[in-house]
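Below is one structure, written out as structure tokens; the observations come after it.
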Amino acid sequence: MTLTLPFLDAMRPAFAKDSQTPPRRMLSICTNLGVLDRHFYPQQPGPDYELTPYLEPLRDLRDQFTVISGASHPEVTGGHSAEASFLTAAPHPGTASFRNSISLDQFAAEQIGHLTRVPALPLVVAQNGNQSLSFTSSGVMLPAERSPAEVFKTLFVAGNAAAVEKQVQDLRVGRSILDVVADRATTLQKRLGSDDRQRLDQYFTAVREVERRLVIAEEWEHRPKPKVDVPPPTDGEYLLDKLKSMFQLIRLALATDSTRLITLMIRLDGFSAHIPGVSSEAHNLSHHVGREDKLQQLMNLELAEFRELAALLQGLQETRDGSGTLLDHTMVLFGSNLGNGNNHDTKNMPILLAGGGFRHGQHLAFDRTHNYPLPNLFLSMLQRLGLEVDRFASSTSTIAGLEV
């Protein structure tokens, strides 16, 4: 395995022709309180729609994104609990019998994650906590990273030889501990009932996944980290500062091929300060009950969020990647687990897909009463990554109307 750098102008003399094909990448973003559909969804389907207030900041990239309406995850209910199913589509989150399944990014990471230093990178913008969109095949959440400054250090700041060797030893100790625990669990398994054995099987799956990640991490510790000539991002205190820093980090991680799979949970709960025209807390505003003063503040908050998204996409578009741009080779999924934050409705999820080499510039309008299965889009994205797969979660086919 080798660390693949982005195609730079300085590299051109080393190649007889521009034949290097850049890798395909995927970034999945969930904002957890829904968005106001009146300001997001266009009235007209197809390519000739009029830009809405939330899409206006993306005007210059109109041909690089598709708006999707009338789509949701079949049988995913539970209001805020549906956050856990945003990238898994596992049914009925929040119920006593709920068991999550593998997320879109981790499904891809099982096949292509070994090609990069970080198989997949779960991130979160939040006031506190490390809730993630990423879940293993056994339904275990992988904690998200909250500090862009710390992730920057991990990806781009090289330690000395002693520090590298210590990190390798720490990884080996972690594997040894897992071996001991797994041996003891195997002995215990013989004395358990069927339900407990099933739980232990889930545990073994999680242990094997951690072991696999530790082996890959040890291999990469001996390889030089990519050099970036930019200052590290700051963590920030307020929502927009945190988003700017996280988006800066994401662009760097993708451009250096440190990872090809990133998830970002944006937890708006608790944020309000330093957003023009917003004086109330975000979760309170999402339960607006039709009050115009709350609706106006919520629009101001969400519009600020879309402006940051536009800046991210513009930055990816301005970054050269082979014969195209980083946006050409990166699928960016932006959406929410809630179609309506006011009443916790999980139908009609707001979805925008940008980049990735799809034929964009349209509003794909499906039936808002009988929703189209959103996992069909996920299947198309996996195939666009180059994976040979014909099903993901509750998908029935690839998404209709979205062409490469």
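Residues in the structure tokens are named by chain (A, B, ... in the order shown) and by number from 1 within that chain; ligands are numbered from 1 in the order shown.
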
ask   = Skipping near chain neighbours, those fewer than 2 positions away, what residues fall within 8 Å of Gly70 in chain A using only C-alpha atoms, listed as a ChimeraX atom specification?
value = /A:68,72,347-349,365-372

Would you list the contacts of Gly361 in chain A as a short mmCIF file (atom, residue, chain, number, x, y, z; two decimals) with all heavy atoms, in the first residue's frame, taking every protein, DNA or RNA residue within 12 Å and counting only C-alpha atoms, but skipping same-chain residues closer than 5 positions in sequence?
data_model
loop_
_atom_site.label_atom_id
_atom_site.label_comp_id
_atom_site.auth_asym_id
_atom_site.auth_seq_id
_atom_site.Cartn_x
_atom_site.Cartn_y
_atom_site.Cartn_z
N PRO A 45 -39.99 20.78 -10.20
CA PRO A 45 -39.08 19.65 -10.38
C PRO A 45 -38.21 19.85 -11.61
O PRO A 45 -38.45 20.73 -12.43
CB PRO A 45 -40.03 18.46 -10.55
CG PRO A 45 -41.26 19.07 -11.17
CD PRO A 45 -41.37 20.46 -10.61
N GLY A 46 -37.19 18.99 -11.74
CA GLY A 46 -36.37 19.03 -12.94
C GLY A 46 -35.28 20.08 -12.88
O GLY A 46 -34.98 20.65 -11.83
N PRO A 47 -34.69 20.41 -14.02
CA PRO A 47 -33.54 21.32 -14.06
C PRO A 47 -33.90 22.81 -14.02
O PRO A 47 -33.04 23.63 -13.71
CB PRO A 47 -32.85 20.98 -15.38
CG PRO A 47 -33.97 20.48 -16.26
CD PRO A 47 -34.93 19.78 -15.34
N ASP A 48 -35.13 23.15 -14.34
CA ASP A 48 -35.49 24.57 -14.49
C ASP A 48 -36.16 25.14 -13.25
O ASP A 48 -37.08 25.95 -13.34
CB ASP A 48 -36.40 24.74 -15.71
CG ASP A 48 -35.73 24.30 -16.99
OD1 ASP A 48 -34.53 24.55 -17.14
OD2 ASP A 48 -36.42 23.69 -17.84
N TYR A 49 -35.70 24.73 -12.08
CA TYR A 49 -36.31 25.21 -10.85
C TYR A 49 -35.73 26.58 -10.46
O TYR A 49 -34.63 26.95 -10.87
CB TYR A 49 -36.11 24.21 -9.72
CG TYR A 49 -34.68 24.02 -9.29
CD1 TYR A 49 -34.10 24.86 -8.33
CD2 TYR A 49 -33.89 23.00 -9.81
CE1 TYR A 49 -32.79 24.69 -7.93
CE2 TYR A 49 -32.57 22.82 -9.41
CZ TYR A 49 -32.03 23.68 -8.46
OH TYR A 49 -30.73 23.52 -8.07
N GLU A 50 -36.49 27.30 -9.66
CA GLU A 50 -36.04 28.59 -9.13
C GLU A 50 -35.33 28.36 -7.81
O GLU A 50 -35.82 27.64 -6.94
CB GLU A 50 -37.23 29.52 -8.94
CG GLU A 50 -36.86 30.90 -8.46
CD GLU A 50 -38.08 31.81 -8.34
OE1 GLU A 50 -39.13 31.45 -8.88
OE2 GLU A 50 -37.97 32.87 -7.68
N LEU A 51 -34.17 28.95 -7.64
CA LEU A 51 -33.40 28.79 -6.41
C LEU A 51 -34.18 29.31 -5.21
O LEU A 51 -34.76 30.39 -5.26
CB LEU A 51 -32.07 29.53 -6.51
CG LEU A 51 -31.01 28.93 -7.45
CD1 LEU A 51 -29.85 29.91 -7.61
CD2 LEU A 51 -30.52 27.59 -6.93
N LEU A 55 -30.81 27.68 -1.12
CA LEU A 55 -29.98 27.26 -2.25
C LEU A 55 -29.28 28.45 -2.91
O LEU A 55 -28.34 28.26 -3.69
CB LEU A 55 -30.82 26.52 -3.28
CG LEU A 55 -31.51 25.24 -2.80
CD1 LEU A 55 -32.32 24.61 -3.93
CD2 LEU A 55 -30.49 24.24 -2.26
N LEU A 58 -25.60 28.74 -3.04
CA LEU A 58 -24.97 27.74 -3.90
C LEU A 58 -25.13 28.06 -5.39
O LEU A 58 -24.86 27.21 -6.24
CB LEU A 58 -25.57 26.36 -3.61
CG LEU A 58 -25.43 25.83 -2.18
CD1 LEU A 58 -26.39 24.69 -1.94
CD2 LEU A 58 -24.01 25.38 -1.92
N ARG A 59 -25.58 29.26 -5.71
CA ARG A 59 -25.92 29.62 -7.09
C ARG A 59 -24.78 29.29 -8.06
O ARG A 59 -25.01 28.74 -9.14
CB ARG A 59 -26.26 31.11 -7.16
CG ARG A 59 -26.47 31.63 -8.58
CD ARG A 59 -26.83 33.11 -8.59
NE ARG A 59 -28.17 33.32 -8.06
CZ ARG A 59 -29.29 33.22 -8.78
NH1 ARG A 59 -29.22 32.89 -10.06
NH2 ARG A 59 -30.45 33.47 -8.22
N ASP A 60 -23.55 29.65 -7.70
CA ASP A 60 -22.42 29.45 -8.62
C ASP A 60 -22.09 27.97 -8.83
O ASP A 60 -21.34 27.63 -9.75
CB ASP A 60 -21.18 30.18 -8.10
CG ASP A 60 -21.34 31.69 -8.15
OD1 ASP A 60 -22.24 32.17 -8.86
OD2 ASP A 60 -20.57 32.39 -7.46
N LEU A 61 -22.66 27.11 -8.00
CA LEU A 61 -22.42 25.67 -8.11
C LEU A 61 -23.66 24.91 -8.53
O LEU A 61 -23.76 23.71 -8.33
CB LEU A 61 -21.93 25.13 -6.74
CG LEU A 61 -20.60 25.70 -6.25
CD1 LEU A 61 -20.41 25.36 -4.77
CD2 LEU A 61 -19.45 25.14 -7.06
N ARG A 62 -24.59 25.61 -9.12
CA ARG A 62 -25.89 25.02 -9.44
C ARG A 62 -25.76 23.71 -10.24
O ARG A 62 -26.51 22.77 -10.02
CB ARG A 62 -26.75 26.02 -10.22
CG ARG A 62 -28.13 25.48 -10.57
CD ARG A 62 -28.94 26.48 -11.37
NE ARG A 62 -30.25 25.92 -11.69
CZ ARG A 62 -31.40 26.48 -11.34
NH1 ARG A 62 -31.43 27.60 -10.66
NH2 ARG A 62 -32.55 25.91 -11.68
N ASP A 63 -24.82 23.64 -11.15
CA ASP A 63 -24.64 22.45 -11.97
C ASP A 63 -23.88 21.35 -11.25
O ASP A 63 -23.62 20.29 -11.82
CB ASP A 63 -23.90 22.80 -13.27
CG ASP A 63 -24.75 23.65 -14.18
OD1 ASP A 63 -25.99 23.63 -14.05
OD2 ASP A 63 -24.17 24.37 -15.03
N GLN A 64 -23.53 21.59 -9.99
CA GLN A 64 -22.74 20.63 -9.23
C GLN A 64 -23.53 19.99 -8.09
O GLN A 64 -22.94 19.28 -7.26
CB GLN A 64 -21.49 21.30 -8.67
CG GLN A 64 -20.45 21.63 -9.72
CD GLN A 64 -19.62 20.41 -10.10
OE1 GLN A 64 -19.95 19.28 -9.76
NE2 GLN A 64 -18.53 20.64 -10.83
N PHE A 65 -24.84 20.22 -8.01
CA PHE A 65 -25.60 19.57 -6.94
C PHE A 65 -27.01 19.25 -7.40
O PHE A 65 -27.54 19.83 -8.36
CB PHE A 65 -25.64 20.43 -5.66
CG PHE A 65 -26.44 21.70 -5.77
CD1 PHE A 65 -27.81 21.71 -5.55
CD2 PHE A 65 -25.81 22.91 -6.08
CE1 PHE A 65 -28.55 22.88 -5.64
CE2 PHE A 65 -26.54 24.09 -6.17
CZ PHE A 65 -27.91 24.07 -5.96
N THR A 66 -27.62 18.30 -6.70
CA THR A 66 -28.99 17.87 -6.94
C THR A 66 -29.77 17.95 -5.63
O THR A 66 -29.29 17.51 -4.59
CB THR A 66 -29.03 16.42 -7.47
OG1 THR A 66 -28.43 16.38 -8.76
CG2 THR A 66 -30.45 15.89 -7.56
N VAL A 67 -30.96 18.53 -5.70
CA VAL A 67 -31.87 18.55 -4.55
C VAL A 67 -32.83 17.38 -4.68
O VAL A 67 -33.37 17.13 -5.76
CB VAL A 67 -32.66 19.87 -4.49
CG1 VAL A 67 -33.60 19.88 -3.30
CG2 VAL A 67 -31.70 21.06 -4.42
N ILE A 68 -33.04 16.66 -3.58
CA ILE A 68 -33.93 15.50 -3.59
C ILE A 68 -35.03 15.71 -2.57
O ILE A 68 -34.76 15.96 -1.39
CB ILE A 68 -33.15 14.20 -3.26
CG1 ILE A 68 -32.04 13.98 -4.30
CG2 ILE A 68 -34.09 13.00 -3.22
CD1 ILE A 68 -31.11 12.83 -3.96
N LEU A 352 -29.52 16.95 -0.11
CA LEU A 352 -28.77 17.58 -1.20
C LEU A 352 -27.52 16.75 -1.44
O LEU A 352 -26.81 16.39 -0.50
CB LEU A 352 -28.41 19.02 -0.83
CG LEU A 352 -27.67 19.87 -1.88
CD1 LEU A 352 -28.07 21.34 -1.73
CD2 LEU A 352 -26.15 19.74 -1.75
N LEU A 353 -27.28 16.41 -2.70
CA LEU A 353 -26.07 15.69 -3.08
C LEU A 353 -25.28 16.54 -4.05
O LEU A 353 -25.81 16.99 -5.07
CB LEU A 353 -26.40 14.34 -3.73
CG LEU A 353 -25.18 13.51 -4.14
CD1 LEU A 353 -24.48 12.95 -2.91
CD2 LEU A 353 -25.56 12.39 -5.10
N ALA A 354 -24.01 16.76 -3.73
CA ALA A 354 -23.14 17.58 -4.59
C ALA A 354 -21.94 16.76 -5.03
O ALA A 354 -21.50 15.83 -4.36
CB ALA A 354 -22.69 18.83 -3.84
N GLY A 355 -21.40 17.12 -6.20
CA GLY A 355 -20.15 16.57 -6.68
C GLY A 355 -20.18 15.09 -7.01
O GLY A 355 -21.22 14.50 -7.28
N GLY A 401 -33.22 8.59 -11.83
CA GLY A 401 -33.08 9.97 -12.27
C GLY A 401 -31.74 10.62 -12.02
O GLY A 401 -31.51 11.74 -12.43
N LEU A 402 -30.84 9.91 -11.33
CA LEU A 402 -29.51 10.45 -11.07
C LEU A 402 -28.48 9.65 -11.87
O LEU A 402 -28.28 8.48 -11.60
CB LEU A 402 -29.20 10.39 -9.58
CG LEU A 402 -27.89 11.07 -9.14
CD1 LEU A 402 -27.94 12.57 -9.39
CD2 LEU A 402 -27.59 10.78 -7.67
N GLU A 403 -27.87 10.30 -12.83
CA GLU A 403 -26.96 9.60 -13.73
C GLU A 403 -25.54 10.09 -13.53
O GLU A 403 -25.29 11.22 -13.10
CB GLU A 403 -27.37 9.83 -15.19
CG GLU A 403 -28.77 9.37 -15.51
CD GLU A 403 -29.17 9.70 -16.94
OE1 GLU A 403 -28.35 10.33 -17.63
OE2 GLU A 403 -30.29 9.38 -17.36
#

key: All strand (DSSP E or B) positions in range 221-362 of chain A, as a PyMOL selection string   = chain A and resi 261-266+320-321+324-325+330-335+340+345+351-355+362

Would you put the residues from that selection into a file with N, CA, C and O atoms, as a compact mmCIF listing (two decimals), in the first residue's frame?
# COMPACT_ATOMS: atom_id res chain seq x y z
N LEU A 261 -13.29 8.76 3.29
CA LEU A 261 -14.64 8.59 3.84
C LEU A 261 -14.75 9.41 5.12
O LEU A 261 -14.06 9.14 6.11
N ILE A 262 -15.63 10.41 5.11
CA ILE A 262 -15.80 11.28 6.27
C ILE A 262 -17.29 11.42 6.56
O ILE A 262 -18.11 11.54 5.64
N THR A 263 -17.64 11.39 7.85
CA THR A 263 -18.99 11.73 8.27
C THR A 263 -18.93 12.91 9.23
O THR A 263 -17.95 13.06 9.98
N LEU A 264 -19.94 13.74 9.19
CA LEU A 264 -20.02 14.90 10.09
C LEU A 264 -21.43 15.04 10.63
O LEU A 264 -22.37 15.26 9.87
N MET A 265 -21.57 14.89 11.94
CA MET A 265 -22.83 15.17 12.61
C MET A 265 -22.79 16.62 13.09
O MET A 265 -21.85 17.03 13.79
N ILE A 266 -23.79 17.41 12.70
CA ILE A 266 -23.92 18.79 13.18
C ILE A 266 -25.06 18.80 14.19
O ILE A 266 -26.24 18.75 13.82
N ARG A 320 -7.61 21.68 -7.21
CA ARG A 320 -7.32 20.80 -8.35
C ARG A 320 -7.08 19.37 -7.87
O ARG A 320 -6.48 19.12 -6.82
N ASP A 321 -7.55 18.43 -8.65
CA ASP A 321 -7.40 17.01 -8.33
C ASP A 321 -7.30 16.26 -9.64
O ASP A 321 -8.31 15.98 -10.28
N GLY A 324 -9.36 17.17 -12.90
CA GLY A 324 -10.58 17.84 -12.48
C GLY A 324 -10.38 18.55 -11.16
O GLY A 324 -9.31 19.08 -10.87
N THR A 325 -11.44 18.57 -10.36
CA THR A 325 -11.38 19.22 -9.05
C THR A 325 -11.72 18.22 -7.97
O THR A 325 -12.22 17.12 -8.22
N THR A 330 -15.48 13.96 -5.25
CA THR A 330 -15.99 13.78 -3.89
C THR A 330 -17.50 13.94 -3.87
O THR A 330 -18.03 15.00 -4.22
N MET A 331 -18.21 12.90 -3.46
CA MET A 331 -19.66 12.99 -3.24
C MET A 331 -19.90 13.64 -1.88
O MET A 331 -19.38 13.17 -0.86
N VAL A 332 -20.67 14.72 -1.85
CA VAL A 332 -21.01 15.39 -0.60
C VAL A 332 -22.51 15.27 -0.38
O VAL A 332 -23.31 15.85 -1.12
N LEU A 333 -22.87 14.49 0.62
CA LEU A 333 -24.27 14.31 1.00
C LEU A 333 -24.57 15.23 2.17
O LEU A 333 -23.89 15.18 3.20
N PHE A 334 -25.59 16.07 2.03
CA PHE A 334 -26.02 16.95 3.13
C PHE A 334 -27.51 16.72 3.35
O PHE A 334 -28.30 16.75 2.40
N GLY A 335 -27.90 16.51 4.59
CA GLY A 335 -29.31 16.30 4.87
C GLY A 335 -29.59 16.27 6.35
O GLY A 335 -28.76 16.68 7.18
N ASN A 340 -39.25 17.29 9.44
CA ASN A 340 -39.91 18.41 10.11
C ASN A 340 -39.51 18.39 11.57
O ASN A 340 -39.94 17.53 12.34
N ASP A 345 -41.10 14.70 12.63
CA ASP A 345 -41.45 13.83 11.51
C ASP A 345 -40.19 13.39 10.77
O ASP A 345 -39.32 14.20 10.46
N ILE A 351 -32.62 16.53 1.46
CA ILE A 351 -31.39 15.91 0.98
C ILE A 351 -30.81 16.72 -0.18
O ILE A 351 -31.53 17.12 -1.11
N LEU A 352 -29.52 16.95 -0.11
CA LEU A 352 -28.77 17.58 -1.20
C LEU A 352 -27.52 16.75 -1.44
O LEU A 352 -26.81 16.39 -0.50
N LEU A 353 -27.28 16.41 -2.70
CA LEU A 353 -26.07 15.69 -3.08
C LEU A 353 -25.28 16.54 -4.05
O LEU A 353 -25.81 16.99 -5.07
N ALA A 354 -24.01 16.76 -3.73
CA ALA A 354 -23.14 17.58 -4.59
C ALA A 354 -21.94 16.76 -5.03
O ALA A 354 -21.50 15.83 -4.36
N GLY A 355 -21.40 17.12 -6.20
CA GLY A 355 -20.15 16.57 -6.68
C GLY A 355 -20.18 15.09 -7.01
O GLY A 355 -21.22 14.50 -7.28
N GLN A 362 -30.37 19.68 -10.93
CA GLN A 362 -31.78 19.34 -11.00
C GLN A 362 -32.39 19.18 -9.61
O GLN A 362 -31.69 19.05 -8.61

From A:Gly34, A:Pro119, A:Gly78, A:Pro224, residue lying nearest Arg267 in chain A [only C-alpha atoms] =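 Of all the options, A:Gly34 lies closest to Arg267 in chain A.
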
request  = Tell me which of A:Phe156, A:Tyr54, A:Phe107, A:Phe378 sits closest to Pro226 in chain A, counting only C-alpha atoms.
outcome  = A:Phe156

task = Would you kindly return, as a count of residues only, each protein, DNA or RNA residue with an atom no farther than 12 Å from any atom of Ser85 in chain A, considering only C-alpha atoms and excluding same-chain residues fewer than 6 positions away?
result = 35

key: Tyr238 in chain A surroundings by only C-alpha atoms, 10 Å radius, close-in-sequence under 2 positions cut, as a PyMOL selection string   = chain A and resi 125-127+235-236+240-243+271-275

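Minimum atom-to-atom distances from A:Leu254, A:Leu364, A:Val140, A:Leu326 to Gln106 in chain A were compared using only C-alpha atoms, and the lowest value belongs to A:Val140.
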
ask   = With only C-alpha atoms as the basis for distance, which of A:Met381, A:Ala144, A:Ala282, A:Ile250 is at the shortest distance from Asn128 in chain A?
value = A:Ala144

key: For Leu155 in chain A, the nearest of the candidates A:Glu237, A:Asp105, A:Glu110, A:Asp257, counting only C-alpha atoms   = A:Asp257

ask   = Could you pull the residues within 10 Å of Ser380 in chain A, counting only C-alpha atoms, minus those fewer than 6 positions along the same chain, as an MDAnalysis selection string?
value = chainID A and resid 358 386:387 389:392 395 397:400 402:404

note = A straight line from CA of Thr136 in chain A to CA of Thr88 in chain A spans 9.8 Å

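Comparing the minimum interatomic distances between Ala96 in chain A and each of A:Pro143, A:Glu305, A:Ser81, A:Leu33, counting only C-alpha atoms, we find that A:Ser81 sits nearest.
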
Contact residues around Pro276 in chain A with only C-alpha atoms at 9 Å, ignoring same-chain residues under 6 positions, as a ChimeraX atom specification = /A:297,300-301,304
